[in-house]
file data34.cif (mmCIF, C-alpha atoms)
data_structure
#
loop_
_atom_site.label_atom_id
_atom_site.label_comp_id
_atom_site.auth_asym_id
_atom_site.auth_seq_id
_atom_site.Cartn_x
_atom_site.Cartn_y
_atom_site.Cartn_z
CA MET O 1 -11.92 -1.09 -5.81
CA PHE O 2 -8.43 -1.00 -7.30
CA ARG O 3 -6.73 -1.12 -10.66
CA SER O 4 -3.32 -0.02 -9.47
CA LEU O 5 -1.42 0.03 -6.18
CA LEU O 6 1.96 1.71 -5.72
CA PHE O 7 4.57 0.64 -3.18
CA ILE O 8 6.36 3.49 -1.40
CA PRO O 9 9.21 2.73 1.03
CA GLY O 10 8.13 3.90 4.47
CA ASN O 11 11.45 5.58 5.15
CA ASN O 12 11.57 7.78 2.04
CA PRO O 13 10.43 11.37 2.76
CA SER O 14 10.66 12.43 -0.90
CA MET O 15 8.20 9.80 -2.05
CA LEU O 16 5.94 10.22 0.97
CA GLN O 17 5.43 13.90 0.37
CA ASN O 18 4.33 13.17 -3.21
CA ALA O 19 2.16 10.18 -2.34
CA ASP O 20 -1.10 11.99 -3.02
CA VAL O 21 -0.17 13.08 -6.54
CA PHE O 22 0.65 9.69 -8.07
CA LEU O 23 -2.03 8.37 -10.43
CA THR O 24 -2.70 5.27 -8.39
CA ASP O 25 -5.85 3.91 -6.78
CA ALA O 26 -3.95 3.09 -3.60
CA VAL O 27 -0.55 3.71 -2.08
CA ILE O 28 1.12 0.95 -0.08
CA PHE O 29 3.38 2.43 2.59
CA ASP O 30 5.93 -0.30 3.13
CA LEU O 31 7.33 -1.02 6.59
CA GLU O 32 8.52 -4.50 5.64
CA ASP O 33 10.90 -5.46 2.84
CA ALA O 34 11.78 -1.91 1.76
CA VAL O 35 12.99 -0.95 5.23
CA SER O 36 16.19 -2.27 6.80
CA ILE O 37 16.05 -3.73 10.31
CA LYS O 38 17.80 -0.76 11.91
CA GLU O 39 15.44 1.73 10.26
CA LYS O 40 12.12 0.09 11.22
CA HIS O 41 11.53 2.58 14.04
CA ASN O 42 12.47 5.52 11.84
CA ALA O 43 10.12 4.46 9.04
CA ARG O 44 7.23 3.82 11.43
CA ASN O 45 7.66 7.28 13.00
CA LEU O 46 7.81 8.90 9.56
CA VAL O 47 4.69 7.19 8.18
CA LYS O 48 2.80 7.85 11.42
CA ASN O 49 3.58 11.57 11.45
CA TYR O 50 2.89 11.85 7.72
CA LEU O 51 -0.56 10.28 8.17
CA GLN O 52 -1.34 12.37 11.25
CA THR O 53 -0.38 15.73 9.80
CA SER O 54 -1.00 15.58 6.03
CA THR O 55 -4.24 17.23 5.00
CA VAL O 56 -4.28 15.52 1.59
CA LEU O 57 -3.71 11.78 1.44
CA PRO O 58 -3.80 9.21 -1.40
CA LYS O 59 -7.25 7.95 -2.42
CA GLN O 60 -6.71 4.74 -0.46
CA VAL O 61 -3.99 4.08 2.11
CA VAL O 62 -2.52 0.61 2.56
CA LEU O 63 0.12 -0.19 5.18
CA ARG O 64 2.37 -3.18 4.61
CA VAL O 65 3.27 -4.31 8.10
CA ASN O 66 5.95 -6.74 9.16
CA SER O 67 5.21 -10.40 9.80
CA VAL O 68 2.85 -11.18 12.66
CA ASP O 69 5.64 -13.39 14.04
CA SER O 70 8.15 -10.53 14.09
CA ILE O 71 8.87 -8.18 17.01
CA TYR O 72 7.71 -5.27 14.81
CA PHE O 73 4.09 -6.24 14.15
CA GLY O 74 2.79 -5.01 17.51
CA GLU O 75 4.37 -1.57 16.95
CA ASP O 76 3.30 -1.42 13.27
CA ILE O 77 -0.39 -1.88 14.01
CA LYS O 78 -0.33 1.05 16.46
CA LEU O 79 -0.47 3.22 13.33
CA LEU O 80 -4.10 2.16 13.04
CA LYS O 81 -4.77 4.68 15.81
CA THR O 82 -4.23 7.45 13.24
CA LYS O 83 -7.50 6.24 11.65
CA LYS O 84 -6.01 7.10 8.25
CA ILE O 85 -5.31 3.55 7.09
CA ASP O 86 -7.82 1.78 4.85
CA TYR O 87 -6.14 -1.62 4.63
CA LEU O 88 -3.30 -3.57 6.20
CA LEU O 89 -1.25 -5.67 3.78
CA ILE O 90 -0.26 -8.85 5.61
CA PRO O 91 2.88 -10.59 4.29
CA LYS O 92 3.38 -14.35 3.98
CA MET O 93 -0.31 -15.08 4.45
CA ASN O 94 -1.37 -18.63 5.20
CA LYS O 95 -4.00 -20.26 7.38
CA GLU O 96 -2.04 -19.94 10.63
CA THR O 97 -1.01 -16.33 9.89
CA MET O 98 -4.63 -15.35 9.22
CA HIS O 99 -5.66 -16.91 12.51
CA LYS O 100 -2.94 -15.11 14.51
CA VAL O 101 -3.56 -11.77 12.80
CA ASP O 102 -7.28 -12.04 13.49
CA ILE O 103 -6.69 -12.69 17.19
CA VAL O 104 -4.17 -9.85 17.60
CA LEU O 105 -6.28 -7.34 15.65
CA ASN O 106 -9.53 -8.25 17.44
CA ASP O 107 -7.82 -7.58 20.76
CA PHE O 108 -6.14 -4.38 19.55
CA GLU O 109 -9.35 -2.97 18.05
CA ARG O 110 -11.35 -3.76 21.17
CA LYS O 111 -8.81 -2.15 23.53
CA ASN O 112 -8.52 0.96 21.36
CA ASN O 113 -12.17 1.24 20.37
CA LEU O 114 -11.36 0.99 16.65
CA GLU O 115 -13.51 -0.30 13.81
CA GLN O 116 -12.52 -3.57 12.20
CA ILE O 117 -9.63 -2.94 9.78
CA LYS O 118 -9.81 -4.51 6.33
CA LEU O 119 -6.91 -6.66 5.14
CA ILE O 120 -5.16 -7.53 1.90
CA ALA O 121 -3.50 -10.94 1.99
CA LEU O 122 -0.07 -11.11 0.37
CA ILE O 123 0.31 -14.68 -0.81
CA GLU O 124 3.94 -15.42 -1.51
CA THR O 125 4.66 -18.97 -0.41
CA ALA O 126 3.68 -22.41 -1.65
CA GLN O 127 1.96 -22.97 1.68
CA GLY O 128 -0.06 -19.78 1.21
CA ILE O 129 -1.20 -20.95 -2.23
CA ASN O 130 -2.09 -24.40 -0.93
CA GLU O 131 -4.08 -23.01 2.01
CA ILE O 132 -5.72 -20.15 0.14
CA ASP O 133 -9.28 -21.45 0.39
CA TYR O 134 -8.95 -21.81 4.17
CA PHE O 135 -8.30 -18.11 4.76
CA ALA O 136 -9.76 -16.33 1.70
CA GLU O 137 -13.27 -16.46 3.17
CA ASN O 138 -12.22 -14.42 6.21
CA LYS O 139 -14.51 -11.37 6.40
CA ARG O 140 -11.62 -9.00 7.02
CA LEU O 141 -10.17 -9.66 3.57
CA SER O 142 -10.81 -7.25 0.70
CA ALA O 143 -8.24 -8.62 -1.72
CA LEU O 144 -5.75 -11.40 -2.42
CA PHE O 145 -2.39 -10.20 -3.69
CA LEU O 146 0.03 -12.57 -5.40
CA GLY O 147 3.68 -11.98 -4.51
CA GLY O 148 5.40 -13.62 -7.47
CA GLU O 149 9.02 -12.90 -6.58
CA ASP O 150 8.92 -14.37 -3.08
CA LEU O 151 6.88 -17.29 -4.36
CA ALA O 152 9.54 -18.03 -6.98
CA ASN O 153 12.16 -17.92 -4.22
CA ASP O 154 10.13 -20.32 -2.13
CA LEU O 155 9.79 -22.68 -5.09
CA GLU O 156 13.46 -22.17 -6.02
CA ILE O 157 12.55 -21.32 -9.59
CA LYS O 158 13.43 -18.47 -11.90
CA ARG O 159 10.94 -15.77 -12.87
CA THR O 160 10.59 -15.47 -16.64
CA ASP O 161 8.79 -13.20 -19.10
CA SER O 162 6.49 -16.08 -20.07
CA ASN O 163 5.10 -16.22 -16.52
CA ASN O 164 4.51 -19.96 -16.98
CA GLU O 165 6.01 -20.54 -13.55
CA ILE O 166 3.30 -18.47 -11.80
CA HIS O 167 0.35 -19.48 -14.00
CA TYR O 168 -1.01 -21.93 -11.44
CA ALA O 169 -0.56 -19.49 -8.55
CA ARG O 170 -2.22 -16.67 -10.48
CA SER O 171 -5.18 -18.91 -11.24
CA ARG O 172 -5.52 -20.05 -7.62
CA VAL O 173 -5.50 -16.45 -6.41
CA ILE O 174 -8.04 -15.39 -9.04
CA PHE O 175 -10.48 -18.25 -8.45
CA SER O 176 -10.31 -17.94 -4.69
CA ALA O 177 -10.73 -14.16 -4.74
CA VAL O 178 -13.63 -14.15 -7.17
CA ALA O 179 -15.37 -17.00 -5.36
CA ASN O 180 -15.23 -14.92 -2.17
CA GLY O 181 -16.24 -11.65 -3.81
CA ILE O 182 -12.89 -9.94 -3.27
CA ILE O 183 -10.24 -8.51 -5.60
CA PRO O 184 -7.35 -10.51 -7.09
CA ILE O 185 -4.22 -8.32 -7.35
CA ASP O 186 -1.32 -9.32 -9.56
CA THR O 187 2.35 -9.32 -8.62
CA PRO O 188 4.44 -6.26 -9.60
CA TYR O 189 6.48 -6.27 -12.80
CA THR O 190 10.04 -5.72 -11.62
CA ASP O 191 11.79 -4.63 -14.84
CA ILE O 192 11.05 -0.94 -14.32
CA ASN O 193 12.38 0.29 -17.68
CA ASN O 194 10.70 -2.37 -19.84
CA VAL O 195 7.47 -0.66 -20.88
CA GLU O 196 6.44 -3.29 -23.44
CA GLY O 197 7.16 -6.08 -20.98
CA LEU O 198 4.94 -4.39 -18.41
CA ARG O 199 2.08 -4.04 -20.88
CA LYS O 200 2.33 -7.67 -21.97
CA ASP O 201 2.55 -8.88 -18.38
CA SER O 202 -0.46 -6.77 -17.36
CA GLU O 203 -2.56 -7.91 -20.32
CA GLN O 204 -1.73 -11.54 -19.60
CA ALA O 205 -2.77 -11.13 -15.97
CA LYS O 206 -5.99 -9.39 -16.96
CA GLU O 207 -6.85 -12.14 -19.48
CA LEU O 208 -6.58 -14.71 -16.68
CA GLY O 209 -8.86 -12.69 -14.41
CA MET O 210 -6.65 -10.39 -12.33
CA LYS O 211 -8.49 -7.15 -11.57
CA ALA O 212 -5.54 -5.02 -10.45
CA LYS O 213 -1.78 -4.93 -10.41
CA ALA O 214 0.76 -3.61 -7.95
CA SER O 215 3.63 -1.39 -9.08
CA ILE O 216 7.04 -0.56 -7.70
CA HIS O 217 7.59 2.67 -9.65
CA PRO O 218 5.24 5.58 -10.49
CA ASN O 219 6.21 5.26 -14.18
CA GLN O 220 4.34 1.94 -14.33
CA LEU O 221 0.99 3.40 -13.28
CA GLU O 222 -0.20 4.77 -16.59
CA ILE O 223 0.02 1.40 -18.36
CA ILE O 224 -1.47 -0.53 -15.44
CA ASN O 225 -4.40 1.89 -15.15
CA GLU O 226 -4.99 1.68 -18.89
CA VAL O 227 -4.89 -2.13 -19.05
CA PHE O 228 -7.10 -2.67 -15.99
CA SER O 229 -9.68 -0.01 -16.90
CA PRO O 230 -12.61 -0.77 -19.18
CA SER O 231 -11.79 0.46 -22.73
CA MET O 232 -13.98 3.09 -24.41
CA ASP O 233 -15.30 0.36 -26.75
CA GLU O 234 -16.28 -1.76 -23.75
CA ILE O 235 -17.98 1.23 -22.11
CA ASP O 236 -19.93 2.08 -25.28
CA TRP O 237 -21.00 -1.57 -25.59
CA ALA O 238 -22.03 -1.69 -21.93
CA ARG O 239 -24.03 1.55 -22.23
CA ASP O 240 -25.95 0.10 -25.21
CA ILE O 241 -26.64 -3.17 -23.38
CA VAL O 242 -27.86 -1.46 -20.21
CA ARG O 243 -30.06 0.92 -22.23
CA LEU O 244 -31.54 -1.92 -24.29
CA SER O 245 -32.12 -4.08 -21.21
CA LYS O 246 -34.23 -1.28 -19.74
CA GLU O 247 -36.14 -0.88 -23.00
CA ASN O 248 -36.72 -4.66 -23.12
CA SER O 249 -37.36 -5.20 -19.43
CA ASP O 250 -40.52 -7.20 -20.15
CA ILE O 251 -38.55 -9.86 -22.04
CA GLY O 252 -35.63 -11.88 -20.69
CA VAL O 253 -33.61 -12.15 -23.88
CA PHE O 254 -32.98 -9.76 -26.76
CA GLN O 255 -30.57 -9.33 -29.64
CA TYR O 256 -27.78 -6.78 -30.04
CA LYS O 257 -25.81 -6.68 -33.32
CA GLY O 258 -26.88 -10.25 -34.03
CA LYS O 259 -25.84 -11.62 -30.63
CA MET O 260 -28.10 -12.95 -27.93
CA ILE O 261 -28.14 -10.84 -24.77
CA ASP O 262 -29.40 -12.37 -21.53
CA LYS O 263 -28.94 -11.88 -17.77
CA PRO O 264 -25.21 -12.74 -17.44
CA ILE O 265 -24.34 -10.39 -20.31
CA ILE O 266 -26.44 -7.60 -18.78
CA GLU O 267 -24.70 -8.11 -15.43
CA LYS O 268 -21.33 -7.98 -17.16
CA ALA O 269 -22.32 -4.68 -18.80
CA GLU O 270 -23.46 -3.27 -15.46
CA LYS O 271 -20.12 -4.23 -13.89
CA ILE O 272 -18.25 -2.40 -16.66
CA ILE O 273 -20.37 0.73 -16.14
CA ASN O 274 -19.84 0.53 -12.39
CA LYS O 275 -16.08 0.16 -12.81
CA ALA O 276 -15.89 3.03 -15.29
CA LYS O 277 -17.75 5.27 -12.84
CA GLN O 278 -15.55 4.21 -9.91
CA PHE O 279 -12.39 4.98 -11.85
CA GLY O 280 -13.73 8.30 -13.10
CA ILE O 281 -13.73 7.29 -16.77
CA MET O 282 -17.40 8.18 -17.29
CA MET Z 1 24.20 9.66 25.44
CA LYS Z 2 23.73 10.36 21.75
CA GLY Z 3 21.19 9.56 19.04
CA ILE Z 4 21.27 10.15 15.30
CA ALA Z 5 18.44 9.71 12.78
CA GLY Z 6 17.62 10.66 9.20
CA SER Z 7 19.84 11.36 6.23
CA LYS Z 8 21.24 14.13 4.06
CA GLU Z 9 19.07 13.08 1.12
CA SER Z 10 16.82 15.65 -0.50
CA ASN Z 11 13.62 16.34 1.51
CA ASP Z 12 15.14 14.65 4.56
CA CYS Z 13 17.19 15.87 7.49
CA LEU Z 14 19.90 14.42 9.69
CA ILE Z 15 19.30 15.04 13.36
CA THR Z 16 21.85 14.54 16.12
CA ILE Z 17 20.87 14.82 19.76
CA GLU Z 18 23.09 14.37 22.79
CA SER Z 19 23.03 15.01 26.52
CA ALA Z 20 24.27 18.45 27.60
CA ASN Z 21 24.17 20.82 30.58
CA SER Z 22 21.51 22.99 28.94
CA THR Z 23 19.34 22.82 25.81
CA THR Z 24 20.80 24.26 22.61
CA ILE Z 25 19.43 23.86 19.09
CA GLU Z 26 21.55 24.36 15.98
CA ILE Z 27 19.82 24.49 12.60
CA ASN Z 28 21.65 24.24 9.29
CA SER Z 29 19.08 24.29 6.52
CA ILE Z 30 19.14 24.82 2.77
CA VAL Z 31 15.86 26.69 3.25
CA GLY Z 32 16.85 28.33 6.53
CA ALA Z 33 16.34 31.83 5.14
CA PHE Z 34 12.62 31.08 4.82
CA PHE Z 35 11.88 28.34 7.36
CA TYR Z 36 14.38 28.72 10.24
CA ASP Z 37 11.69 29.80 12.73
CA GLN Z 38 9.30 27.02 11.67
CA ILE Z 39 11.99 24.33 12.01
CA MET Z 40 13.00 25.74 15.42
CA GLU Z 41 9.36 25.65 16.54
CA THR Z 42 8.94 22.02 15.42
CA VAL Z 43 12.09 20.98 17.30
CA LYS Z 44 11.10 22.84 20.47
CA GLU Z 45 7.55 21.46 20.37
CA THR Z 46 8.76 17.88 19.90
CA LEU Z 47 11.27 18.18 22.75
CA ALA Z 48 8.58 19.63 25.02
CA GLU Z 49 6.01 16.95 24.10
CA ASN Z 50 8.55 14.33 25.13
CA ASN Z 51 9.78 16.16 28.26
CA ILE Z 52 13.33 16.33 26.93
CA THR Z 53 15.66 18.94 28.45
CA ASN Z 54 19.39 19.51 28.67
CA VAL Z 55 20.26 18.31 25.20
CA LYS Z 56 22.20 19.62 22.24
CA VAL Z 57 20.26 19.20 18.99
CA ILE Z 58 21.82 19.67 15.56
CA VAL Z 59 19.47 19.70 12.55
CA ASP Z 60 21.10 19.30 9.16
CA ASP Z 61 18.10 19.97 6.94
CA LYS Z 62 17.79 19.29 3.20
CA GLY Z 63 14.27 20.62 2.79
CA ALA Z 64 12.35 18.26 5.08
CA LEU Z 65 8.72 18.95 5.86
CA ASP Z 66 7.62 19.41 9.49
CA TYR Z 67 6.45 15.81 9.95
CA THR Z 68 9.80 14.51 8.68
CA ILE Z 69 11.74 16.72 11.10
CA LYS Z 70 9.50 15.62 13.95
CA SER Z 71 9.81 11.93 12.99
CA ARG Z 72 13.59 12.05 12.71
CA LEU Z 73 13.88 13.86 16.03
CA LEU Z 74 11.63 11.29 17.74
CA THR Z 75 13.79 8.45 16.43
CA ALA Z 76 16.98 10.28 17.45
CA ILE Z 77 15.52 10.73 20.96
CA GLU Z 78 14.68 7.01 21.15
CA ARG Z 79 18.20 6.13 20.01
CA MET Z 80 19.73 8.52 22.54
CA LYS Z 81 17.75 6.81 25.32
CA GLU Z 82 19.00 3.42 24.14
CA ASP Z 83 22.62 4.67 24.01
CA VAL Z 84 23.63 3.89 27.57
#

call {"tool": "encode", "arguments": {"input": "data34.cif", "output": "structure tokens"}}
result
Amino acid sequence: MFRSLLFIPGNNPSMLQNADVFLTDAVIFDLEDAVSIKEKHNARNLVKNYLQTSTVLPKQVVLRVNSVDSIYFGEDIKLLKTKKIDYLLIPKMNKETMHKVDIVLNDFERKNNLEQIKLIALIETAQGINEIDYFAENKRLSALFLGGEDLANDLEIKRTDSNNEIHYARSRVIFSAVANGIIPIDTPYTDINNVEGLRKDSEQAKELGMKAKASIHPNQLEIINEVFSPSMDEIDWARDIVRLSKENSDIGVFQYKGKMIDKPIIEKAEKIINKAKQFGIM
Amino acid sequence: MKGIAGSKESNDCLITIESANSTTIEINSIVGAFFYDQIMETVKETLAENNITNVKVIVDDKGALDYTIKSRLLTAIERMKEDV
């Protein structure tokens, strides 16, 4: 379960050595876009040795690997042998990419006697959006992650504060993720110093149904965690509903502050309680 | 043959390795007064693990942790091997 994920460039020792102290639900060690071609080897060695030797790691470790079609993918996935990686983040996901990744990973896991690694699909092309329902049901997937900047590049459109241009893509990611019981993750907000913009962007994504948001700077984590956590009012409401549902277990429907409470509302309350517990809020 | 990896950024180190007639290790570290022996041990261990002998290694350290020193040295070794 995530609210927040933080990207850390794989070749940055200063950020790596602080990775466990950031207030994020998961750290994404990036071997792809944040690392130049000539430093790919260097970054891979650094992340590998960090994972192998660090006694304290982030709560959840995600590795963004290079494209399955690149010469780097085969070397990147060797880091799975550290057994310290919880998820691989696969860039430019589409139907064909999912198929190739599945084949390569099945073979790699079998040869190295590893358990099946979970994946997060980074959807950042028009093709990826169009084909989302073809790969989102793959059992390896734990989350769908919208990459808004690359998608805008693919569509040759400008990103704006209104987010109108990614409304459709956000909705596709959300519906497909929820329908498959996995987590929709929103694109990072790239204006690092714009605190109000980040809050508005996060709230808009949450209203649509996003359950988490990625970040590109540790300063963004506090707002993202706040927006994507259940509020204290929601938790109090959920506690009351769950308590009353137990007290009224012999009847299907009851009233709370003049409103009808039935099974979907009780399930919603239970989800809020579960989330609050997972995130250490209660 | 020569290989260089890393940087002089804080918490990183710049490592240079090149072929020589015998193995020598030079360490210049901002925390050398406290960690010289530990850095030396990491370099020697990494060279031994990779069966590397007869090289000159220069470590320009800006406070890197052991795994960073090891990683940079490994990359420098790989680059030295490619430098033919």

call {"tool": "resolve_selection", "arguments": {"input": "data34.cif", "expression": "the PyMOL selection byres ((chain O) within 12 of (chain Z))", "output": "list of chain:residue names"}}
result
O:Gly10, O:Asn11, O:Asn12, O:Pro13, O:Ser14, O:Met15, O:Leu16, O:Gln17, O:Asn18, O:Lys38, O:Glu39, O:Lys40, O:His41, O:Asn42, O:Ala43, O:Arg44, O:Asn45, O:Leu46, O:Val47, O:Lys48, O:Asn49, O:Tyr50, O:Leu51, O:Gln52, O:Thr53, O:Ser54, O:Thr55

call {"tool": "write_last_selection", "arguments": {"input": "data34.cif", "atoms": "C-alpha atoms", "output": "mmCIF file, in the frame of the given file"}}
result
data_model
loop_
_atom_site.group_PDB
_atom_site.id
_atom_site.type_symbol
_atom_site.label_atom_id
_atom_site.label_comp_id
_atom_site.auth_asym_id
_atom_site.auth_seq_id
_atom_site.Cartn_x
_atom_site.Cartn_y
_atom_site.Cartn_z
ATOM 1 C CA GLY O 10 8.130 3.900 4.470
ATOM 2 C CA ASN O 11 11.450 5.580 5.150
ATOM 3 C CA ASN O 12 11.570 7.780 2.040
ATOM 4 C CA PRO O 13 10.430 11.370 2.760
ATOM 5 C CA SER O 14 10.660 12.430 -0.900
ATOM 6 C CA MET O 15 8.200 9.800 -2.050
ATOM 7 C CA LEU O 16 5.940 10.220 0.970
ATOM 8 C CA GLN O 17 5.430 13.900 0.370
ATOM 9 C CA ASN O 18 4.330 13.170 -3.210
ATOM 10 C CA LYS O 38 17.800 -0.760 11.910
ATOM 11 C CA GLU O 39 15.440 1.730 10.260
ATOM 12 C CA LYS O 40 12.120 0.090 11.220
ATOM 13 C CA HIS O 41 11.530 2.580 14.040
ATOM 14 C CA ASN O 42 12.470 5.520 11.840
ATOM 15 C CA ALA O 43 10.120 4.460 9.040
ATOM 16 C CA ARG O 44 7.230 3.820 11.430
ATOM 17 C CA ASN O 45 7.660 7.280 13.000
ATOM 18 C CA LEU O 46 7.810 8.900 9.560
ATOM 19 C CA VAL O 47 4.690 7.190 8.180
ATOM 20 C CA LYS O 48 2.800 7.850 11.420
ATOM 21 C CA ASN O 49 3.580 11.570 11.450
ATOM 22 C CA TYR O 50 2.890 11.850 7.720
ATOM 23 C CA LEU O 51 -0.560 10.280 8.170
ATOM 24 C CA GLN O 52 -1.340 12.370 11.250
ATOM 25 C CA THR O 53 -0.380 15.730 9.800
ATOM 26 C CA SER O 54 -1.000 15.580 6.030
ATOM 27 C CA THR O 55 -4.240 17.230 5.000
#

call {"tool": "residues_around", "arguments": {"input": "data34.cif", "residues": "stretch 102-113 of chain O", "least_positions_apart": "5", "cutoff": "9 Å", "atoms": "only C-alpha atoms", "output": "PyMOL selection string"}}
result
chain O and resi 68+74+77-78+80-81+97+140

call {"tool": "atom_distance", "arguments": {"input": "data34.cif", "atom1": "atom CA of O:Ser245", "atom2": "atom CA of O:Phe279"}}
result
23.6 Å

call {"tool": "residues_around", "arguments": {"input": "data34.cif", "residues": "O:Ile132", "least_positions_apart": "5", "cutoff": "8 Å", "atoms": "only C-alpha atoms", "output": "short mmCIF file (atom, residue, chain, number, x, y, z; two decimals) with C-alpha atoms, keeping the file's coordinate frame"}}
result
data_model
loop_
_atom_site.label_atom_id
_atom_site.label_comp_id
_atom_site.auth_asym_id
_atom_site.auth_seq_id
_atom_site.Cartn_x
_atom_site.Cartn_y
_atom_site.Cartn_z
CA ASN O 94 -1.37 -18.63 5.20
CA LYS O 95 -4.00 -20.26 7.38
CA ARG O 172 -5.52 -20.05 -7.62
CA VAL O 173 -5.50 -16.45 -6.41
CA SER O 176 -10.31 -17.94 -4.69
#

call {"tool": "atom_distance", "arguments": {"input": "data34.cif", "atom1": "atom CA of O:Leu63", "atom2": "atom CA of O:Ile28"}}
result
5.5 Å

call {"tool": "closest_residue", "arguments": {"input": "data34.cif", "among": "Z:Lys81, Z:Lys8, Z:Thr16, Z:Ala33", "to": "Z:Val57", "atoms": "only C-alpha atoms"}}
result
Z:Thr16

call {"tool": "decode", "arguments": {"input": "data34.cif", "residues": "stretch 48-54 of chain Z", "atoms": "all heavy atoms", "output": "mmCIF file, in the first residue's frame"}}
result
data_model
loop_
_atom_site.group_PDB
_atom_site.id
_atom_site.type_symbol
_atom_site.label_atom_id
_atom_site.label_comp_id
_atom_site.auth_asym_id
_atom_site.auth_seq_id
_atom_site.Cartn_x
_atom_site.Cartn_y
_atom_site.Cartn_z
ATOM 1 N N ALA Z 48 41.067 -7.588 -3.984
ATOM 2 C CA ALA Z 48 41.283 -9.035 -3.792
ATOM 3 C C ALA Z 48 40.103 -9.846 -4.325
ATOM 4 O O ALA Z 48 40.294 -10.860 -5.004
ATOM 5 C CB ALA Z 48 41.503 -9.325 -2.307
ATOM 6 N N GLU Z 49 38.885 -9.380 -4.025
ATOM 7 C CA GLU Z 49 37.680 -10.090 -4.498
ATOM 8 C C GLU Z 49 37.653 -10.204 -6.021
ATOM 9 O O GLU Z 49 37.067 -11.118 -6.576
ATOM 10 C CB GLU Z 49 36.412 -9.349 -4.045
ATOM 11 C CG GLU Z 49 36.059 -9.574 -2.580
ATOM 12 C CD GLU Z 49 34.987 -8.587 -2.098
ATOM 13 O OE1 GLU Z 49 34.383 -7.886 -2.929
ATOM 14 O OE2 GLU Z 49 34.790 -8.515 -0.880
ATOM 15 N N ASN Z 50 38.280 -9.229 -6.678
ATOM 16 C CA ASN Z 50 38.251 -9.205 -8.142
ATOM 17 C C ASN Z 50 39.591 -9.624 -8.766
ATOM 18 O O ASN Z 50 39.798 -9.421 -9.967
ATOM 19 C CB ASN Z 50 37.834 -7.812 -8.616
ATOM 20 C CG ASN Z 50 36.379 -7.515 -8.298
ATOM 21 O OD1 ASN Z 50 35.494 -7.881 -9.055
ATOM 22 N ND2 ASN Z 50 36.135 -6.911 -7.146
ATOM 23 N N ASN Z 51 40.462 -10.190 -7.913
ATOM 24 C CA ASN Z 51 41.771 -10.689 -8.374
ATOM 25 C C ASN Z 51 42.560 -9.624 -9.146
ATOM 26 O O ASN Z 51 43.111 -9.903 -10.212
ATOM 27 C CB ASN Z 51 41.593 -11.940 -9.247
ATOM 28 C CG ASN Z 51 40.929 -13.054 -8.479
ATOM 29 O OD1 ASN Z 51 41.282 -13.327 -7.323
ATOM 30 N ND2 ASN Z 51 39.934 -13.677 -9.092
ATOM 31 N N ILE Z 52 42.564 -8.421 -8.628
ATOM 32 C CA ILE Z 52 43.272 -7.334 -9.294
ATOM 33 C C ILE Z 52 44.614 -7.098 -8.578
ATOM 34 O O ILE Z 52 44.637 -6.842 -7.367
ATOM 35 C CB ILE Z 52 42.441 -6.028 -9.264
ATOM 36 C CG1 ILE Z 52 41.072 -6.225 -9.926
ATOM 37 C CG2 ILE Z 52 43.215 -4.879 -9.931
ATOM 38 C CD1 ILE Z 52 41.083 -6.466 -11.410
ATOM 39 N N THR Z 53 45.692 -7.175 -9.331
ATOM 40 C CA THR Z 53 47.023 -6.885 -8.772
ATOM 41 C C THR Z 53 47.767 -5.948 -9.714
ATOM 42 O O THR Z 53 47.336 -5.718 -10.843
ATOM 43 C CB THR Z 53 47.848 -8.184 -8.612
ATOM 44 O OG1 THR Z 53 47.867 -8.846 -9.874
ATOM 45 C CG2 THR Z 53 47.245 -9.108 -7.554
ATOM 46 N N ASN Z 54 48.870 -5.442 -9.232
ATOM 47 C CA ASN Z 54 49.724 -4.549 -10.033
ATOM 48 C C ASN Z 54 48.948 -3.347 -10.596
ATOM 49 O O ASN Z 54 48.867 -3.130 -11.811
ATOM 50 C CB ASN Z 54 50.400 -5.315 -11.184
ATOM 51 C CG ASN Z 54 51.354 -6.365 -10.648
ATOM 52 O OD1 ASN Z 54 51.834 -6.265 -9.499
ATOM 53 N ND2 ASN Z 54 51.614 -7.382 -11.440
#
